Every structure is written in structure tokens, then in C-alpha cells.
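Please read the structure below before turning to the comments.
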Amino acid sequence: MSRTGTAKPVLSVRGLTKQFAVGGGRMLTAVSNVDLDIRPGETLGMVGESGSGKSTFGRAVLRLTDPTAGSVVFDGQDITHISQRRLRPMRRDMQMVFQDPWSALNPRLRIGELITEPIKLHLGLSRSERADRAEALARRVRLSPDFLRRTPSGLSGGQLQRVCIARAIATSPKLLVLDEPTSSLDLSVRAGILDLLAEIRDETRMAMLFISHDLATIRLISDRIVVLYLGSVVEEASAEGLFQTPAHPYSQALLSAHMPADPEVKLARHLLEGEVPSPINLPPGCSFHTRCPVAIGACRTTVPQPVAVGSTDHTARCIRIQDGGNLISRRETA
Amino acid sequence: MNLGSFLLRRLLMAIPMVIGILFVTFMLVRIGSLDPVGLLAGPTATQAEFDMIRRNLGLDEPLWRQFTIYVGNVLQGDLGRSWLSNRAVLTDILERSVASLELLFWGVGLGALIGIPIGLKAAFRPNGTFDQVSRIGSLLGFSIPTYWLGLVMLFVFFYLLRWAPPGMGRMSLMISPPDFITGSYLIDGLLQAEWRAARSAFSHLVLPVICMAIISAAPIIKHTRAIALEVMTSDAVRYARACGLPRRTVRRMVMRNSATPVITFVGTELTGLVGTLSLIEYVFAWGGVGQYGLNAIVRGDFTAVQGYVLALALFSVIVFLVVDVVVHLIEPRAGRA
């Protein structure tokens with residue numbers, strides 16, 4: 001928190017909901033009523049299982065898909081409903097990095113062209129100026145300028161992801177949405193990419209929304225973390241706060257499922273039973289009650305509101321926090 | 001890799017393929033139920049006559065010997081003699097191939113011209129009205145039997161409306177065909193300014209070409225839509241949109257990146273539709289290779305069948321070679337792999 005203070009948020013999302021029609025008049029709720037803020041220089045981690053709506057959220061924030069309800073305020077301006085044409089000049093300030101760099105880069109262009117694509121579009125500049133920029137950006141992401149003349153097919157995954165990062169930061173955006181940027185990379189390459197992102201963030205005070213299913217990665221890069229389950233934020237906390245005192249039963253189960261590096265550490269495992277319910281018919285009340293080991297009758301009917309846990313920047317949506325019954329004990333899951 | 005060495009490599013790769021094709025066509029006819037000796041000898045022949053015909057045809061030799069003789073002959077351009085036309089099969093096929101190629105290329109060309117834009121437009125708005133309509137349209141194209149479509153078109157446009165000439169060949173018998181340049185009456189007529197001939201050739205082409213186009217457009221629509229849709233949901237296109245590229249530019253990128261698989265598919269259509277081609281040629285009495293092959297199969301003319309199958313196989317080899325070259329030229333990745 002110290003790094004970001006109370007500066008005005010770059011991105012402010014309120015009540016964001018995205019539903020898809022799936023035929024037969026039924027609706028799939030991918031994102032449900034999400035609120036969050038990201039301030040300059042801050043990295044917000046978003047973690048959840050596949051299908052929890054993380055990617056849809058990332059796309060809705062950039063208006064790559066239109067939200068069903070709620071609002072997205074970017075840099076002080078409400079962009080929820082403005083036309084794509086009016087949004088276009090603002091796009092230089094919001095960029096994105098995708099999970100699969102092989103698919104994210106147009107295979108017919110050279111690396112140099114790929115990196116300068118957004119510059120060409122948003123800043124103009126002459127050919128030679130762009131070439132200079134491309135070289136500087138390549139160096140910035142620790143990529144040899146020799147690569148600039150090649151096409152993506154000649155590069156490795158880690159190198160390609162550096163290309164994606166280079167082009168994403170080319171216009172010095174205020175917000176960078178990273179959708180599982182390290183998930184398709186080898187563990188050894190992953191660390192290098194994370195270091196690079198952290199460096200860029202600290203240099204430029206860029207705000208980042210880092211979407212991942214991988215807890216270790218999220219913990220390493222994030223200042224704050226939101227946990228998503230079936231499209232809803234179930235818990236929001238500082239990275240350390242979440243890992244030390246996870247309050248929502250889902251977060252507890254999620255954290256207990258991840259392996260610490262130290263094999264000597266004794267783990268209390270809370271393995272969840274059952275499948276994630278279908279997002280087409282969301283369960284009433286708390287969407288987690290169907291799998292929650294500490295659910296009570298009221299959980300089936302009451303939609304939980306955020307409740308403060310300890311410090312003020314830590315909230316969780318669980319009605320059992322008040323009575324202290326939110327903590328999963330070993331006995332209950334043994 | 002440059003184009004020359006690429007071509008050379010592909011041609012070398014075609015050699016074992018052609019040998020395999022020769023073997024398969026040879027065996028296909030041998031293991032089939034065709035009995036050339038019986039057919040030639042007729043129902044009243046004596047055993048002595050049977051044996052003589054057998055010997056004359058070389059069918060008393062062991063199978064491997066027959067095969068080496070066959071390959072040797074094929075390499076010298078001798079595909080044998082057709083009993084139906086009593087002419088060399090190679091001459092028959094060469095003469096008729098232009099008629100077939102003309103119909104096939106105009107037909108599939110028109111099918112691609114219709115099918116690709118429809119498929120793209122459908123993909124740009126998946127599940128929109130246009131997509132739904134085109135889906136029904138291509139379903140119809142898939143399910144209409146070829147010969148029925150040809151007959152109905154003749155019935156409506158020749159018999160009822162009198163707009164089209166009868167389905168009897170490539171040109172009116174009252175007009176002398178133009179001199180041979182390409183073999184296509186339409187193109188040759190135009191080149192030599194023989195307008196009457198060109199006109200007649202064109203009017204005879206219309207119905208069978210439309211028939212062929214309808215049948216070929218259906219799968220082209222489906223595949224183009226699927227290919228473009230996959231490109232559209234790729235992260236590269238998503239990124240282009242996130243950068244704020246105008247919709248027109250994004251669509252151009254989708255088209256460009258769909259080009260390779262679409263071209264490959266149209267190439268496979270050219271070779272895959274030879275069956276359809278035979279039926280259309282039959283209905284319109286086109287006098288092409290397809291009709292010839294169909295006839296040969298029905299009448300048990302086994303050297304002709306052999307020659308027909310071999311010609312089709314070689315045609316496929318050539319088409320795929322051309323597709324490979326085109327893809328190589330437009331696709332920077334393919335050559336460097």
C-alpha cells in the first residue's frame with residue numbers, strides 16, 4: 001500500500017456484470033457485480049479457477065466486450081457506454097498482454113513491426129523514429145535488437161512474451177491488463193517475465209491488473225489481490241493479508257491447495273468437494289454455499305455483503321465472519 | 001528456402017506418391033468385379049476363344065509381370081486402348097480433359113467467389129441474421145442431390161422458360177467450334193473474336209457452372225466461416241481491437257490471416273468434387289473426363305477406368321502442388337519451418 005498511497009484510481013469499476021445469452025432464453029453470468037479500484041503504480045492480482053470470469057472481466061474493463069451492467073471509469077472518465085470511436089484515442093493509455101504469445105502476435109509481421117504497431121497507430125512518428133523506438137523497447141524488455149527483423153516463428157515463448165510486453169508498454173499506457181501472462185511459459189522463464197514487469201511498474205508507475213490462476217505468481221507480483229469465484233469477488237486483501245489470514249472459506253481452500261516451496265511445512269489441506277456450479281444457473285444466496293464446508297442455512301438465501309476482516313483494506317463476502325464460523329477447521333475436512 | 005528448391009523438393013516427394021497411385025489403380029481394377037474377357041468374348045464364346053482373348057490381353061501373365069508391363073507402358077504414355085471407343089485411353093482423356101477442367105474451374109471458382117465472402121460476412125457477426133440465413137443456404141447446398149439439381153435446372157430454364165440451351169454438350173451443333181488455343185470454347189471464341197461461338201459456349205456453360213457453384217459453395221461457406229471465426233477470436237485480433245484499430249482494418253487482418261487455410265480448402269474442393277463433376281457432366285452430356293470415367297465404370301471398360309483413376313490422382317497431385325506453391329508464396333512461415 002505504501003507504494004500507491006491514496007492517489008486517484010486509474011481504473012475504477014463499480015457493479016460490473018457481464019452476462020451472455022446461451023440460447024433458450026438462459027443467461028450465463030460470467031462476471032457478477034464486481035467493484036474494484038486500481039491506483040497508479042499498483043498491481044492488483046485477480047485470482048480464481050478457470051471459468052471464474054477473470055478473462056471476461058479483463059476484456060470488459062477494456063471494452064473488448066460490452067458490460068451488461070455497472071460502470072468502468074478509466075482515468076476519471078466513464079467509458080462504459082462511449083462509442084468505440086471515441087474510445088480509440090484513449091486506447092493508447094490502456095494496453096493488454098495475453099496468455100498465449102504465439103496466438104497474440106500476428107504471424108505475418110516482423111517483431112519490429114509488431115512492437116511499433118501501437119506507436120504507429122497512436123503516435124504516428126516517422127519510420128526511422130519508430131525503428132529507434134523499437135530498438136529501445138527491445139532493449140528495455142531485454143531482447144536482442146537482432147530479433148527485430150525476424151517473424152514470431154523464430155522466437156521462443158518467453159521471447160515472444162517479451163515482445164508482447166514491449167508493444168504493450170510502447171505507448172506508455174496508464175493501465176496494463178495482463179491476462180495469465182506467464183501461464184503458458186516454463187517456470188524458469190516465468191520469473192524473468194515477472195521481474196521485468198515489476199521493474200517496468202516501478203519505473204513508470206503503471207497500474208496493472210494481473211489475472212492468473214496461479215497463487216505463487218499472483219503473490220509475487222501483486223500489491224492487492226481479489227479472489228473471484230463464479231464471477232463474484234469473494235475476498236479482497238493485501239497480498240500478505242490474504243496469504244496470512246484468508247477469511248473466505250473459498251480462499252482458505254484455494255490457498256491450502258497450493259504447494260509451498262518448503263517440503264517440511266505441514267499443510268492443513270481443505271480439499272473442496274463437488275464441481276463448480278454452472279454459471280448458467282447461479283446458486284441463490286452465496287454462490288459458494290454448494291461446496292462450502294461451513295455453510296449454514298442462511299447461506300442459501302442471503303447474498304453476502306463485504307465484511308471487514310481485521311484491517312480496513314481486507315474484506316470478504318461471507319456471512320459467517322460475524323460469528324467466527326468462517327474458518328475451516330481440519331476436523332471438518334479430514 | 002527459395003521457390004526453386006521448394007518446388008524441386010515437392011516434385012521429388014510426388015514420385016513415390018505417383019508410384020503408389022499406379023499400384024493402387026492397377027490393383028483396384030484387378031480385384032474389382034470387372035471381367036473384361038467375358039465382356040469382350042460375349043455370351044456365345046467357346047472356352048478356346050476365352051483363352052485366346054485372355055492371352056492376347058496378357059491376363060494369363062502373373063500379376064507382378066502385368067504390373068511391370070503396365071508401369072512400363074504408362075511411362076511411355078501408353079494407357080492402353082479403350083474397348084468402347086477403340087481409341088487410345090490417353091487420347092480420349094486428353095481430349096476430354098479440357099471440357100472437364102473448364103467446367104470444374106468455372107464452377108468451383110464461382111463457388112469460391114460466392115462462398116468465401118458469405119462465409120466471412122457470416123463470421124463477422126456470428127449467430128446474426130446473415131449467419132443464420134447463410135447457414136440454411138449452405139445446408140441446402142449440402143443436401144441437394146447433384147443430378148436432381150441439374151435436371152431441375154434444365155427443366156426450369158430450358159424446358160419451361162427456354163432461357164437456356166438444351167443440356168447437350170458444350171456448344172450448339174449448328175456452330176463450328178473456334179480453332180484450338182486453350183481448348184475452352186468460350187476463351188478460344190473470345191480470343192479469335194468469334195462472337196457467335198463464344199456466345200453459344202457461354203450459354204451452354206451457365207447452367208452446369210451454376211450447378212457446380214451451388215454444390216461447391218456450401219462447404220466453402222462453412223469452412224470459411226469456421227476459419228475466420230477462429231482467427232477472429234485469436235488474441236492477435238483481440239489485441240488489434242484493444243489497440244483501437246478501426247473495424248475495417250481488423251476485418252482486413254482477419255481476411256489476410258484466413259487466406260492460407262481457405263485457399264488450401266478450395267484446393268481440396270477442386271479435387272474432392274470430381275465425383276460431383278461426373279454427375280453434372282452426365283446430366284448435361286458434357287463430354288468430359290468425368291462422363292467418360294462414369295461410362296467406363298458402368299460398361300466395364302477396364303483400361304479406361306484405370307486411365308481415368310490415374311488421371312484423377314495425377315490431377316490431385318498437381319492441384320496440391322499448386323496449392324503448396326501458392327501457400328509458400330503468401331505465407332512467410334510455411335517455408336521456414
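Following the order of the C-alpha cells, first chain is A, next is B, and so on, with residues numbered from 1 inside each chain and ligands from 1 in the order they appear.
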
Once you count only C-alpha atoms, which residues of chain A turn out to be within 7 Å of chain B? Could you give them as a VMD selection string? chain A and resid 62 64 88 91 to 92 95 98 103 to 106 108 118 153

Could you please take those selected residues and save C-alpha atoms as a compact mmCIF listing (two decimals), in the first residue's frame?
```txt
# COMPACT_ATOMS: atom_id res chain seq x y z
CA LEU A 62 -11.01 -2.58 -21.86
CA LEU A 64 -13.35 -5.57 -25.74
CA ARG A 88 -9.92 4.84 -29.71
CA ARG A 91 -6.61 3.10 -26.03
CA ARG A 92 -3.01 4.24 -26.02
CA GLN A 95 -2.93 -1.99 -23.06
CA PHE A 98 -2.39 -12.19 -23.33
CA SER A 103 -1.58 -16.56 -30.80
CA ALA A 104 -1.34 -12.93 -29.69
CA LEU A 105 1.20 -11.91 -32.32
CA ASN A 106 0.20 -11.64 -35.94
CA ARG A 108 2.93 -12.29 -40.76
CA PRO A 118 0.58 0.73 -31.28
CA SER A 153 8.00 -18.21 -35.67
```

Give me the stretch 64-153 of chain A side of the contact with stretch 21-30 of chain A, cut-off 12 Å, one line per residue showing its nearest atom pair and distance in Å at one decimal, counting only C-alpha atoms, sorted by chain and residue number, as a tab-separated table.
```
residue	atom	partner	partner_atom	distance
A:Thr65	CA	A:Ala30	CA	11.8
A:Pro67	CA	A:Ala30	CA	10.3
A:Thr68	CA	A:Thr29	CA	9.7
A:Ala69	CA	A:Thr29	CA	11.3
```

Please dump the current selection as a compact mmCIF listing (two decimals), in the first residue's frame; keep N, CA and C atoms.
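Contents of again-v9.txt, as written:
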```txt
# COMPACT_ATOMS: atom_id res chain seq x y z
N THR A 65 -15.35 -6.35 -24.70
CA THR A 65 -16.69 -6.91 -24.68
C THR A 65 -17.50 -5.90 -23.88
N PRO A 67 -19.97 -4.52 -21.17
CA PRO A 67 -20.56 -4.99 -19.93
C PRO A 67 -22.09 -4.95 -19.99
N THR A 68 -22.73 -5.87 -19.28
CA THR A 68 -24.19 -5.88 -19.23
C THR A 68 -24.68 -4.80 -18.28
N ALA A 69 -23.97 -4.63 -17.16
CA ALA A 69 -24.37 -3.61 -16.19
C ALA A 69 -23.12 -3.14 -15.46
```

Write out as a PyMOL selection string the residues lying within 12 Å of B:Met27, counting only C-alpha atoms and excluding same-chain residues fewer than 4 positions away. chain B and resi 20-23+31-34+63-64+66-67+70+302+305-306+309-310

Export of the given selection (C-alpha atoms) as a compact mmCIF listing (two decimals), in the first residue's frame:
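That gives us out-v4.txt:
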```txt
# COMPACT_ATOMS: atom_id res chain seq x y z
CA GLY B 20 1.76 -45.74 -55.07
CA ILE B 21 -1.09 -44.38 -57.15
CA LEU B 22 -0.09 -46.58 -60.11
CA PHE B 23 -0.09 -49.64 -57.90
CA ILE B 31 -9.62 -57.04 -57.57
CA GLY B 32 -12.87 -55.46 -58.70
CA SER B 33 -15.63 -57.48 -60.24
CA LEU B 34 -14.81 -56.39 -63.80
CA LEU B 63 0.21 -60.30 -61.53
CA TRP B 64 3.66 -58.76 -60.89
CA GLN B 66 1.28 -57.49 -65.53
CA PHE B 67 2.14 -54.63 -63.19
CA TYR B 70 1.61 -51.65 -67.04
CA PHE B 302 -11.26 -51.52 -67.56
CA VAL B 305 -11.27 -46.95 -65.75
CA GLN B 306 -7.61 -47.44 -64.94
CA VAL B 309 -8.47 -43.09 -61.94
CA LEU B 310 -4.82 -42.44 -62.74
```

Spatial neighbours of A:Arg63, 12 Å, only C-alpha atoms, chain gap at least 6 places, as a ChimeraX atom specification: /A:16,18,56-57,71-74,78-88,90-91,94-96,177 /B:238-239,241-244

Please, could you write that set of residues out with C-alpha atoms as an mmCIF file, in the first residue's frame?
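Result file part_31.cif:
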```cif
data_model
loop_
_atom_site.group_PDB
_atom_site.id
_atom_site.type_symbol
_atom_site.label_atom_id
_atom_site.label_comp_id
_atom_site.auth_asym_id
_atom_site.auth_seq_id
_atom_site.Cartn_x
_atom_site.Cartn_y
_atom_site.Cartn_z
ATOM 1 C CA LEU A 16 -19.596 -4.680 -13.288
ATOM 2 C CA LYS A 18 -21.378 -9.452 -17.836
ATOM 3 C CA THR A 56 -14.102 -11.766 -19.246
ATOM 4 C CA PHE A 57 -13.553 -9.155 -16.566
ATOM 5 C CA SER A 71 -19.622 1.152 -14.818
ATOM 6 C CA VAL A 72 -15.973 1.377 -15.802
ATOM 7 C CA VAL A 73 -14.267 4.676 -15.061
ATOM 8 C CA PHE A 74 -10.860 4.969 -16.654
ATOM 9 C CA ASP A 78 -16.719 6.908 -17.607
ATOM 10 C CA ILE A 79 -16.036 4.664 -20.599
ATOM 11 C CA THR A 80 -18.839 2.179 -20.004
ATOM 12 C CA HIS A 81 -21.008 3.449 -22.805
ATOM 13 C CA ILE A 82 -18.901 5.720 -25.004
ATOM 14 C CA SER A 83 -18.509 4.691 -28.635
ATOM 15 C CA GLN A 84 -15.536 2.672 -29.827
ATOM 16 C CA ARG A 85 -14.608 5.645 -31.996
ATOM 17 C CA ARG A 86 -14.352 7.975 -29.021
ATOM 18 C CA LEU A 87 -12.585 5.280 -27.055
ATOM 19 C CA ARG A 88 -9.925 4.836 -29.715
ATOM 20 C CA MET A 90 -7.822 6.534 -25.082
ATOM 21 C CA ARG A 91 -6.608 3.103 -26.025
ATOM 22 C CA MET A 94 -4.765 1.011 -21.757
ATOM 23 C CA GLN A 95 -2.926 -1.995 -23.061
ATOM 24 C CA MET A 96 -3.147 -5.720 -22.753
ATOM 25 C CA VAL A 177 -4.174 -5.673 -18.223
ATOM 26 C CA ARG B 238 -8.235 -9.171 -29.854
ATOM 27 C CA TYR B 239 -5.071 -7.139 -29.372
ATOM 28 C CA ARG B 241 -9.077 -4.281 -31.228
ATOM 29 C CA ALA B 242 -7.587 -3.394 -27.840
ATOM 30 C CA CYS B 243 -5.247 -1.049 -29.684
ATOM 31 C CA GLY B 244 -8.237 0.646 -31.190
#
```

Each residue of stretch 54-119 of chain B lying at most 12 Å from stretch 159-182 of chain B should get a row with its shortest atom-to-atom pair and the distance in Å to one decimal, counting only C-alpha atoms; could you produce that, ordered by chain and increasing number, as a tab-separated table?
```
residue	atom	partner	partner_atom	distance
B:Glu95	CA	B:Phe180	CA	11.2
B:Arg96	CA	B:Arg170	CA	11.3
B:Ser97	CA	B:Thr182	CA	11.4
B:Val98	CA	B:Thr182	CA	8.0
B:Ala99	CA	B:Arg170	CA	7.8
B:Ser100	CA	B:Arg170	CA	10.4
B:Leu101	CA	B:Thr182	CA	11.0
B:Glu102	CA	B:Thr182	CA	10.0
B:Leu103	CA	B:Arg170	CA	9.7
```
